[in-house]
file upload-v3.cif (mmCIF, N, CA and C atoms)
data_query
loop_
_atom_site.label_atom_id
_atom_site.label_comp_id
_atom_site.auth_asym_id
_atom_site.auth_seq_id
_atom_site.Cartn_x
_atom_site.Cartn_y
_atom_site.Cartn_z
N MET J 1 28.01 -40.29 -47.57
CA MET J 1 29.44 -40.30 -47.34
C MET J 1 29.80 -39.10 -46.48
N PRO J 2 30.51 -39.25 -45.40
CA PRO J 2 30.88 -38.14 -44.53
C PRO J 2 31.81 -37.17 -45.23
N ILE J 3 31.62 -35.91 -44.92
CA ILE J 3 32.49 -34.85 -45.41
C ILE J 3 33.19 -34.30 -44.20
N SER J 4 34.49 -34.24 -44.23
CA SER J 4 35.21 -33.79 -43.06
C SER J 4 36.04 -32.57 -43.40
N GLY J 5 35.87 -31.51 -42.63
CA GLY J 5 36.71 -30.33 -42.75
C GLY J 5 37.54 -30.23 -41.50
N HIS J 6 38.75 -29.76 -41.59
CA HIS J 6 39.61 -29.67 -40.41
C HIS J 6 40.02 -28.23 -40.20
N LEU J 7 39.74 -27.72 -39.03
CA LEU J 7 40.18 -26.39 -38.63
C LEU J 7 40.73 -26.49 -37.24
N GLY J 8 41.93 -26.07 -37.04
CA GLY J 8 42.53 -26.14 -35.72
C GLY J 8 42.66 -24.77 -35.11
N SER J 9 42.75 -24.73 -33.82
CA SER J 9 42.95 -23.49 -33.11
C SER J 9 43.66 -23.81 -31.82
N SER J 10 44.45 -22.90 -31.34
CA SER J 10 45.10 -23.10 -30.06
C SER J 10 44.73 -21.95 -29.15
N THR J 11 45.17 -22.05 -27.90
CA THR J 11 44.91 -20.97 -26.97
C THR J 11 45.48 -19.68 -27.51
N ALA J 12 46.63 -19.76 -28.17
CA ALA J 12 47.28 -18.57 -28.69
C ALA J 12 46.55 -17.98 -29.88
N SER J 13 45.74 -18.75 -30.55
CA SER J 13 45.06 -18.21 -31.73
C SER J 13 43.57 -18.50 -31.68
N ARG J 14 42.91 -17.94 -30.71
CA ARG J 14 41.47 -18.15 -30.55
C ARG J 14 40.66 -17.38 -31.58
N SER J 15 41.31 -16.63 -32.45
CA SER J 15 40.58 -15.86 -33.44
C SER J 15 40.19 -16.70 -34.64
N SER J 16 40.31 -17.99 -34.53
CA SER J 16 39.93 -18.86 -35.63
C SER J 16 38.44 -19.16 -35.54
N TYR J 17 37.65 -18.23 -36.03
CA TYR J 17 36.20 -18.39 -35.95
C TYR J 17 35.63 -18.79 -37.30
N ASN J 18 36.38 -19.59 -38.03
CA ASN J 18 35.90 -20.04 -39.33
C ASN J 18 34.72 -20.97 -39.10
N LEU J 19 33.66 -20.66 -39.73
CA LEU J 19 32.48 -21.48 -39.54
C LEU J 19 32.31 -22.43 -40.71
N PHE J 20 32.50 -23.69 -40.42
CA PHE J 20 32.30 -24.71 -41.45
C PHE J 20 31.15 -25.54 -40.95
N ALA J 21 30.00 -25.00 -41.02
CA ALA J 21 28.89 -25.74 -40.48
C ALA J 21 27.77 -25.72 -41.47
N ALA J 22 27.77 -26.09 -42.61
CA ALA J 22 26.67 -25.74 -43.45
C ALA J 22 26.23 -26.84 -44.35
N MET J 23 25.17 -26.67 -44.92
CA MET J 23 24.78 -27.57 -45.96
C MET J 23 23.43 -27.16 -46.52
N ALA J 24 23.26 -27.23 -47.80
CA ALA J 24 21.99 -26.83 -48.38
C ALA J 24 21.59 -27.72 -49.53
N GLU J 25 20.92 -27.15 -50.52
CA GLU J 25 20.37 -27.91 -51.62
C GLU J 25 21.31 -28.95 -52.17
N SER J 26 20.77 -30.12 -52.40
CA SER J 26 21.61 -31.13 -53.02
C SER J 26 21.04 -31.48 -54.37
N CYS J 27 21.91 -31.92 -55.22
CA CYS J 27 21.44 -32.41 -56.51
C CYS J 27 21.86 -33.87 -56.59
N ALA J 28 20.98 -34.74 -56.20
CA ALA J 28 21.29 -36.18 -56.22
C ALA J 28 21.23 -36.63 -57.66
N ARG J 29 22.33 -37.03 -58.19
CA ARG J 29 22.50 -37.38 -59.60
C ARG J 29 21.34 -38.21 -60.13
N GLY J 30 20.49 -37.56 -60.89
CA GLY J 30 19.43 -38.27 -61.58
C GLY J 30 18.21 -38.61 -60.73
N SER J 31 18.14 -38.19 -59.49
CA SER J 31 16.96 -38.47 -58.69
C SER J 31 16.64 -37.27 -57.82
N ASP J 32 15.47 -37.34 -57.20
CA ASP J 32 15.05 -36.25 -56.32
C ASP J 32 15.43 -36.52 -54.88
N ALA J 33 16.13 -37.62 -54.62
CA ALA J 33 16.52 -37.96 -53.26
C ALA J 33 17.48 -36.91 -52.71
N GLU J 34 17.30 -36.58 -51.45
CA GLU J 34 18.15 -35.59 -50.80
C GLU J 34 19.39 -36.26 -50.24
N ARG J 35 20.56 -35.72 -50.55
CA ARG J 35 21.80 -36.25 -50.03
C ARG J 35 22.17 -35.49 -48.77
N VAL J 36 22.69 -36.19 -47.80
CA VAL J 36 23.05 -35.58 -46.53
C VAL J 36 24.56 -35.57 -46.41
N GLY J 37 25.11 -34.44 -45.98
CA GLY J 37 26.54 -34.33 -45.77
C GLY J 37 26.83 -34.07 -44.31
N TYR J 38 28.07 -34.36 -43.92
CA TYR J 38 28.51 -34.13 -42.56
C TYR J 38 29.76 -33.27 -42.60
N ILE J 39 29.81 -32.24 -41.78
CA ILE J 39 30.99 -31.39 -41.69
C ILE J 39 31.43 -31.37 -40.24
N THR J 40 32.72 -31.57 -40.04
CA THR J 40 33.26 -31.59 -38.69
C THR J 40 34.18 -30.40 -38.48
N ARG J 41 34.02 -29.73 -37.37
CA ARG J 41 34.88 -28.62 -36.97
C ARG J 41 35.74 -29.13 -35.83
N VAL J 42 37.03 -28.90 -35.93
CA VAL J 42 37.96 -29.31 -34.89
C VAL J 42 38.46 -28.05 -34.18
N GLN J 43 38.36 -28.04 -32.87
CA GLN J 43 38.78 -26.90 -32.06
C GLN J 43 39.68 -27.44 -30.95
N SER J 44 40.73 -26.71 -30.63
CA SER J 44 41.64 -27.11 -29.56
C SER J 44 41.66 -26.07 -28.46
N PHE J 45 41.86 -26.55 -27.23
CA PHE J 45 42.05 -25.62 -26.11
C PHE J 45 42.93 -26.31 -25.07
N SER J 46 43.60 -25.52 -24.28
CA SER J 46 44.45 -26.03 -23.21
C SER J 46 43.84 -25.65 -21.88
N ALA J 47 43.86 -26.60 -20.94
CA ALA J 47 43.30 -26.33 -19.62
C ALA J 47 43.89 -27.34 -18.63
N CYS J 48 43.76 -27.02 -17.34
CA CYS J 48 44.22 -27.96 -16.32
C CYS J 48 43.04 -28.33 -15.43
N HIS J 49 43.21 -29.43 -14.70
CA HIS J 49 42.19 -29.87 -13.75
C HIS J 49 42.84 -30.83 -12.76
N ARG J 50 42.06 -31.17 -11.76
CA ARG J 50 42.51 -32.13 -10.75
C ARG J 50 41.41 -33.15 -10.54
N LEU J 51 41.75 -34.42 -10.59
CA LEU J 51 40.78 -35.46 -10.30
C LEU J 51 40.73 -35.64 -8.79
N HIS J 52 39.61 -35.24 -8.20
CA HIS J 52 39.48 -35.25 -6.74
C HIS J 52 38.00 -35.28 -6.39
N SER J 53 37.60 -36.30 -5.64
CA SER J 53 36.22 -36.43 -5.22
C SER J 53 36.06 -35.93 -3.80
N LEU J 54 35.07 -35.09 -3.59
CA LEU J 54 34.77 -34.59 -2.24
C LEU J 54 34.23 -35.71 -1.34
N HIS J 55 33.83 -36.81 -1.92
CA HIS J 55 33.26 -37.92 -1.17
C HIS J 55 34.31 -38.91 -0.69
N LEU J 56 35.58 -38.67 -1.06
CA LEU J 56 36.68 -39.54 -0.65
C LEU J 56 37.67 -38.77 0.21
N SER J 57 38.40 -39.47 1.04
CA SER J 57 39.46 -38.83 1.83
C SER J 57 40.62 -38.49 0.89
N ASP J 58 41.54 -37.66 1.38
CA ASP J 58 42.71 -37.32 0.57
C ASP J 58 43.48 -38.58 0.19
N GLU J 59 43.61 -39.49 1.14
CA GLU J 59 44.34 -40.74 0.89
C GLU J 59 43.62 -41.59 -0.16
N GLU J 60 42.29 -41.68 -0.04
CA GLU J 60 41.52 -42.45 -1.03
C GLU J 60 41.62 -41.82 -2.42
N ASN J 61 41.57 -40.50 -2.47
CA ASN J 61 41.72 -39.81 -3.76
C ASN J 61 43.07 -40.11 -4.39
N ARG J 62 44.15 -40.04 -3.59
CA ARG J 62 45.48 -40.36 -4.11
C ARG J 62 45.54 -41.80 -4.60
N SER J 63 44.90 -42.70 -3.89
CA SER J 63 44.90 -44.11 -4.25
C SER J 63 44.13 -44.34 -5.56
N VAL J 64 42.98 -43.69 -5.68
CA VAL J 64 42.13 -43.89 -6.86
C VAL J 64 42.69 -43.16 -8.09
N TYR J 65 43.10 -41.90 -7.91
CA TYR J 65 43.45 -41.06 -9.06
C TYR J 65 44.95 -40.90 -9.29
N GLY J 66 45.77 -41.36 -8.36
CA GLY J 66 47.22 -41.30 -8.53
C GLY J 66 47.72 -39.90 -8.80
N LYS J 67 48.65 -39.76 -9.75
CA LYS J 67 49.26 -38.45 -10.03
C LYS J 67 48.24 -37.43 -10.56
N CYS J 68 47.11 -37.89 -11.03
CA CYS J 68 46.08 -36.97 -11.51
C CYS J 68 45.37 -36.26 -10.36
N ASN J 69 45.69 -36.65 -9.12
CA ASN J 69 45.14 -36.01 -7.93
C ASN J 69 46.07 -34.93 -7.39
N ASN J 70 47.12 -34.60 -8.11
CA ASN J 70 48.07 -33.56 -7.69
C ASN J 70 47.29 -32.30 -7.29
N PRO J 71 47.52 -31.76 -6.07
CA PRO J 71 46.79 -30.57 -5.63
C PRO J 71 46.94 -29.37 -6.57
N ASN J 72 48.02 -29.31 -7.32
CA ASN J 72 48.21 -28.21 -8.28
C ASN J 72 47.59 -28.51 -9.64
N GLY J 73 47.02 -29.67 -9.79
CA GLY J 73 46.39 -30.05 -11.05
C GLY J 73 47.39 -30.53 -12.09
N HIS J 74 46.90 -30.86 -13.23
CA HIS J 74 47.72 -31.24 -14.37
C HIS J 74 47.00 -30.77 -15.63
N GLY J 75 47.76 -30.58 -16.71
CA GLY J 75 47.17 -29.98 -17.90
C GLY J 75 47.01 -30.93 -19.07
N HIS J 76 46.17 -30.52 -19.99
CA HIS J 76 45.92 -31.24 -21.23
C HIS J 76 45.78 -30.23 -22.37
N ASN J 77 46.10 -30.68 -23.55
CA ASN J 77 45.75 -29.97 -24.77
C ASN J 77 44.58 -30.74 -25.37
N TYR J 78 43.38 -30.25 -25.14
CA TYR J 78 42.18 -30.94 -25.58
C TYR J 78 41.91 -30.65 -27.05
N LYS J 79 41.34 -31.62 -27.74
CA LYS J 79 40.88 -31.43 -29.11
C LYS J 79 39.42 -31.86 -29.13
N VAL J 80 38.54 -30.96 -29.56
CA VAL J 80 37.11 -31.21 -29.59
C VAL J 80 36.67 -31.24 -31.05
N GLU J 81 35.84 -32.21 -31.40
CA GLU J 81 35.28 -32.28 -32.74
C GLU J 81 33.77 -32.15 -32.63
N VAL J 82 33.20 -31.23 -33.41
CA VAL J 82 31.76 -31.04 -33.46
C VAL J 82 31.34 -31.31 -34.89
N THR J 83 30.39 -32.22 -35.07
CA THR J 83 29.94 -32.58 -36.41
C THR J 83 28.47 -32.20 -36.56
N VAL J 84 28.16 -31.57 -37.67
CA VAL J 84 26.78 -31.23 -37.99
C VAL J 84 26.41 -31.94 -39.29
N ARG J 85 25.13 -32.17 -39.46
CA ARG J 85 24.69 -32.80 -40.69
C ARG J 85 23.59 -31.97 -41.31
N GLY J 86 23.42 -32.15 -42.57
CA GLY J 86 22.37 -31.43 -43.27
C GLY J 86 22.52 -31.61 -44.76
N LYS J 87 21.77 -30.82 -45.49
CA LYS J 87 21.86 -30.88 -46.93
C LYS J 87 23.24 -30.38 -47.35
N ASP J 88 23.79 -30.99 -48.35
CA ASP J 88 25.17 -30.73 -48.75
C ASP J 88 25.25 -29.68 -49.85
N VAL J 89 25.81 -28.51 -49.53
CA VAL J 89 25.95 -27.44 -50.52
C VAL J 89 27.37 -27.27 -51.02
N ILE J 90 28.30 -28.01 -50.47
CA ILE J 90 29.70 -27.85 -50.91
C ILE J 90 30.12 -29.04 -51.75
N MET J 91 30.06 -30.21 -51.18
CA MET J 91 30.60 -31.38 -51.88
C MET J 91 29.77 -31.78 -53.09
N THR J 92 28.46 -31.87 -52.94
CA THR J 92 27.64 -32.35 -54.05
C THR J 92 27.78 -31.47 -55.29
N PRO J 93 27.64 -30.17 -55.19
CA PRO J 93 27.75 -29.38 -56.43
C PRO J 93 29.18 -29.16 -56.92
N LEU J 94 30.20 -29.32 -56.05
CA LEU J 94 31.55 -28.93 -56.44
C LEU J 94 32.57 -30.05 -56.54
N ASP J 95 32.44 -31.07 -55.73
CA ASP J 95 33.48 -32.09 -55.65
C ASP J 95 33.59 -32.90 -56.94
N HIS J 96 34.80 -32.99 -57.45
CA HIS J 96 35.12 -33.72 -58.68
C HIS J 96 34.31 -33.23 -59.87
N LYS J 97 34.10 -31.94 -59.92
CA LYS J 97 33.37 -31.32 -61.02
C LYS J 97 34.31 -30.39 -61.79
N HIS J 98 33.98 -30.16 -63.04
CA HIS J 98 34.63 -29.11 -63.82
C HIS J 98 33.77 -27.88 -63.55
N LEU J 99 34.26 -26.98 -62.77
CA LEU J 99 33.43 -25.86 -62.31
C LEU J 99 32.78 -25.11 -63.47
N ASP J 100 33.55 -24.88 -64.53
CA ASP J 100 33.03 -24.09 -65.65
C ASP J 100 31.96 -24.83 -66.45
N LYS J 101 32.03 -26.14 -66.48
CA LYS J 101 31.11 -26.92 -67.31
C LYS J 101 29.99 -27.60 -66.52
N ASP J 102 30.26 -27.95 -65.27
CA ASP J 102 29.29 -28.74 -64.49
C ASP J 102 28.48 -27.93 -63.48
N VAL J 103 28.93 -26.74 -63.15
CA VAL J 103 28.24 -25.92 -62.15
C VAL J 103 27.63 -24.72 -62.87
N PRO J 104 26.31 -24.71 -63.03
CA PRO J 104 25.65 -23.66 -63.81
C PRO J 104 26.05 -22.24 -63.42
N HIS J 105 26.29 -22.00 -62.15
CA HIS J 105 26.66 -20.66 -61.68
C HIS J 105 27.89 -20.11 -62.41
N PHE J 106 28.82 -21.00 -62.74
CA PHE J 106 30.08 -20.56 -63.35
C PHE J 106 30.04 -20.53 -64.88
N ALA J 107 28.86 -20.71 -65.45
CA ALA J 107 28.74 -20.58 -66.90
C ALA J 107 29.04 -19.15 -67.34
N ASN J 108 28.68 -18.18 -66.49
CA ASN J 108 28.89 -16.76 -66.82
C ASN J 108 29.71 -16.02 -65.78
N VAL J 109 30.28 -16.76 -64.84
CA VAL J 109 31.11 -16.17 -63.78
C VAL J 109 32.47 -16.85 -63.83
N VAL J 110 33.53 -16.08 -63.87
CA VAL J 110 34.87 -16.65 -63.91
C VAL J 110 35.10 -17.43 -62.62
N SER J 111 35.59 -18.65 -62.76
CA SER J 111 35.70 -19.56 -61.61
C SER J 111 36.99 -19.34 -60.81
N THR J 112 37.25 -18.10 -60.43
CA THR J 112 38.39 -17.83 -59.54
C THR J 112 38.06 -18.39 -58.16
N THR J 113 39.06 -18.62 -57.37
CA THR J 113 38.81 -19.12 -56.02
C THR J 113 38.00 -18.10 -55.22
N GLU J 114 38.21 -16.82 -55.49
CA GLU J 114 37.42 -15.79 -54.83
C GLU J 114 35.93 -15.97 -55.15
N ASN J 115 35.62 -16.24 -56.42
CA ASN J 115 34.23 -16.44 -56.81
C ASN J 115 33.67 -17.76 -56.29
N VAL J 116 34.51 -18.77 -56.14
CA VAL J 116 34.06 -20.03 -55.54
C VAL J 116 33.68 -19.78 -54.08
N ALA J 117 34.47 -18.97 -53.38
CA ALA J 117 34.16 -18.64 -51.99
C ALA J 117 32.82 -17.92 -51.88
N VAL J 118 32.57 -17.00 -52.79
CA VAL J 118 31.28 -16.28 -52.79
C VAL J 118 30.14 -17.25 -53.07
N TYR J 119 30.33 -18.15 -54.02
CA TYR J 119 29.32 -19.16 -54.35
C TYR J 119 28.98 -20.02 -53.12
N ILE J 120 30.01 -20.49 -52.43
CA ILE J 120 29.78 -21.31 -51.23
C ILE J 120 29.07 -20.49 -50.17
N TRP J 121 29.52 -19.25 -49.96
CA TRP J 121 28.87 -18.37 -48.98
C TRP J 121 27.38 -18.23 -49.29
N ASP J 122 27.07 -17.89 -50.54
CA ASP J 122 25.67 -17.66 -50.91
C ASP J 122 24.81 -18.89 -50.68
N ASN J 123 25.34 -20.08 -51.01
CA ASN J 123 24.56 -21.30 -50.84
C ASN J 123 24.43 -21.70 -49.38
N MET J 124 25.46 -21.47 -48.59
CA MET J 124 25.37 -21.79 -47.17
C MET J 124 24.45 -20.81 -46.45
N ALA J 125 24.51 -19.55 -46.83
CA ALA J 125 23.68 -18.53 -46.18
C ALA J 125 22.19 -18.80 -46.38
N LYS J 126 21.84 -19.50 -47.45
CA LYS J 126 20.44 -19.82 -47.71
C LYS J 126 19.86 -20.78 -46.67
N VAL J 127 20.71 -21.59 -46.06
CA VAL J 127 20.20 -22.64 -45.17
C VAL J 127 20.56 -22.45 -43.71
N LEU J 128 21.38 -21.46 -43.41
CA LEU J 128 21.76 -21.21 -42.02
C LEU J 128 20.92 -20.09 -41.43
N PRO J 129 20.77 -20.08 -40.12
CA PRO J 129 20.08 -18.95 -39.48
C PRO J 129 20.84 -17.65 -39.77
N PRO J 130 20.13 -16.53 -39.82
CA PRO J 130 20.78 -15.25 -40.10
C PRO J 130 21.92 -14.96 -39.13
N ASN J 131 22.96 -14.35 -39.63
CA ASN J 131 24.13 -13.89 -38.87
C ASN J 131 24.94 -15.01 -38.23
N LEU J 132 24.75 -16.24 -38.64
CA LEU J 132 25.54 -17.33 -38.09
C LEU J 132 26.83 -17.55 -38.89
N LEU J 133 26.74 -17.43 -40.19
CA LEU J 133 27.90 -17.65 -41.04
C LEU J 133 28.86 -16.48 -40.89
N TYR J 134 30.10 -16.78 -40.57
CA TYR J 134 31.10 -15.74 -40.35
C TYR J 134 32.10 -15.65 -41.50
N GLU J 135 32.60 -16.80 -41.95
CA GLU J 135 33.71 -16.74 -42.89
C GLU J 135 33.80 -18.04 -43.69
N ILE J 136 34.18 -17.89 -44.94
CA ILE J 136 34.53 -19.02 -45.80
C ILE J 136 36.01 -18.88 -46.08
N LYS J 137 36.76 -19.94 -45.84
CA LYS J 137 38.19 -19.93 -46.12
C LYS J 137 38.49 -21.12 -47.03
N ILE J 138 39.06 -20.84 -48.18
CA ILE J 138 39.40 -21.89 -49.14
C ILE J 138 40.90 -21.90 -49.34
N HIS J 139 41.50 -23.05 -49.16
CA HIS J 139 42.92 -23.24 -49.44
C HIS J 139 43.02 -23.76 -50.86
N GLU J 140 43.35 -22.89 -51.78
CA GLU J 140 43.51 -23.30 -53.18
C GLU J 140 44.79 -24.13 -53.33
N THR J 141 45.86 -23.66 -52.69
CA THR J 141 47.11 -24.40 -52.58
C THR J 141 47.59 -24.18 -51.15
N ASP J 142 48.74 -24.75 -50.79
CA ASP J 142 49.28 -24.52 -49.45
C ASP J 142 49.60 -23.05 -49.22
N LYS J 143 49.86 -22.31 -50.29
CA LYS J 143 50.28 -20.92 -50.15
C LYS J 143 49.21 -19.91 -50.58
N ASN J 144 48.17 -20.35 -51.25
CA ASN J 144 47.11 -19.45 -51.71
C ASN J 144 45.82 -19.75 -50.97
N ILE J 145 45.39 -18.79 -50.14
CA ILE J 145 44.21 -18.96 -49.33
C ILE J 145 43.28 -17.78 -49.56
N VAL J 146 42.02 -18.07 -49.80
CA VAL J 146 41.02 -17.02 -50.02
C VAL J 146 40.07 -17.02 -48.85
N ILE J 147 39.78 -15.82 -48.32
CA ILE J 147 38.83 -15.66 -47.24
C ILE J 147 37.73 -14.73 -47.71
N TYR J 148 36.48 -15.13 -47.48
CA TYR J 148 35.34 -14.29 -47.83
C TYR J 148 34.40 -14.22 -46.64
N ARG J 149 33.99 -13.00 -46.30
CA ARG J 149 33.13 -12.78 -45.14
C ARG J 149 31.80 -12.11 -45.51
N GLY J 150 31.36 -12.33 -46.71
CA GLY J 150 30.04 -11.85 -47.10
C GLY J 150 29.95 -10.38 -47.44
N GLN J 151 31.06 -9.73 -47.63
CA GLN J 151 31.02 -8.28 -47.89
C GLN J 151 31.31 -7.97 -49.33
#

call {"tool": "encode", "arguments": {"input": "upload-v3.cif", "output": "structure tokens"}}
result
Amino acid sequence: MPISGHLGSSTASRSSYNLFAAMAESCARGSDAERVGYITRVQSFSACHRLHSLHLSDEENRSVYGKCNNPNGHGHNYKVEVTVRGKDVIMTPLDHKHLDKDVPHFANVVSTTENVAVYIWDNMAKVLPPNLLYEIKIHETDKNIVIYRGQ
């Protein structure tokens, strides 16, 4: 089952370097089969361009590309989605679970959102190349957000 995370960024806020690219050990309920998860990162950027072929005359370009051949270009707000797959370390151990009863880590650790962020960080760091993981951001509610950067 695909797992989708959504993170947006605009030209004005390029500091959104939240890395949601991870996945590690899975616990396939009752079997040794490995479950695969998918995480998608959404990034936005604004740019302009002009549709113009050097192999066509100016008139042919205008005919083929119309207003998109404007010599001053035209702009778009692009949205790019990058999806990675791998072993699932977020959804399988945490989704629809009672953290205190179903996740062994929280048997002796208070299940605050801060500690959940550390748990996710630790499990993702096990399967990612060194220094790739930058930040875990958890939205507990619309107004309560926890950020953990491994420190």

call {"tool": "closest_residue", "arguments": {"input": "upload-v3.cif", "among": "J:Thr92, J:Thr83, J:Ser111, J:Gln151", "to": "J:Val42", "atoms": "all atoms listed in the file"}}
result
J:Thr83

call {"tool": "closest_residue", "arguments": {"input": "upload-v3.cif", "among": "J:Ile145, J:Val89, J:Leu94, J:Leu99", "to": "J:Asp122", "atoms": "only C-alpha atoms"}}
result
J:Val89

call {"tool": "atom_distance", "arguments": {"input": "upload-v3.cif", "atom1": "atom CA of J:Leu133", "atom2": "atom CA of J:Trp121"}}
result
8.0 Å

call {"tool": "closest_residue", "arguments": {"input": "upload-v3.cif", "among": "J:Ala47, J:Val109, J:Ala117, J:Val36", "to": "J:Val146", "atoms": "only N, CA and C atoms"}}
result
J:Ala117

call {"tool": "atom_distance", "arguments": {"input": "upload-v3.cif", "atom1": "atom CA of J:Phe106", "atom2": "atom CA of J:Pro130"}}
result
25.6 Å

call {"tool": "atom_distance", "arguments": {"input": "upload-v3.cif", "atom1": "atom C of J:Val80", "atom2": "atom CA of J:Phe45"}}
result
9.2 Å
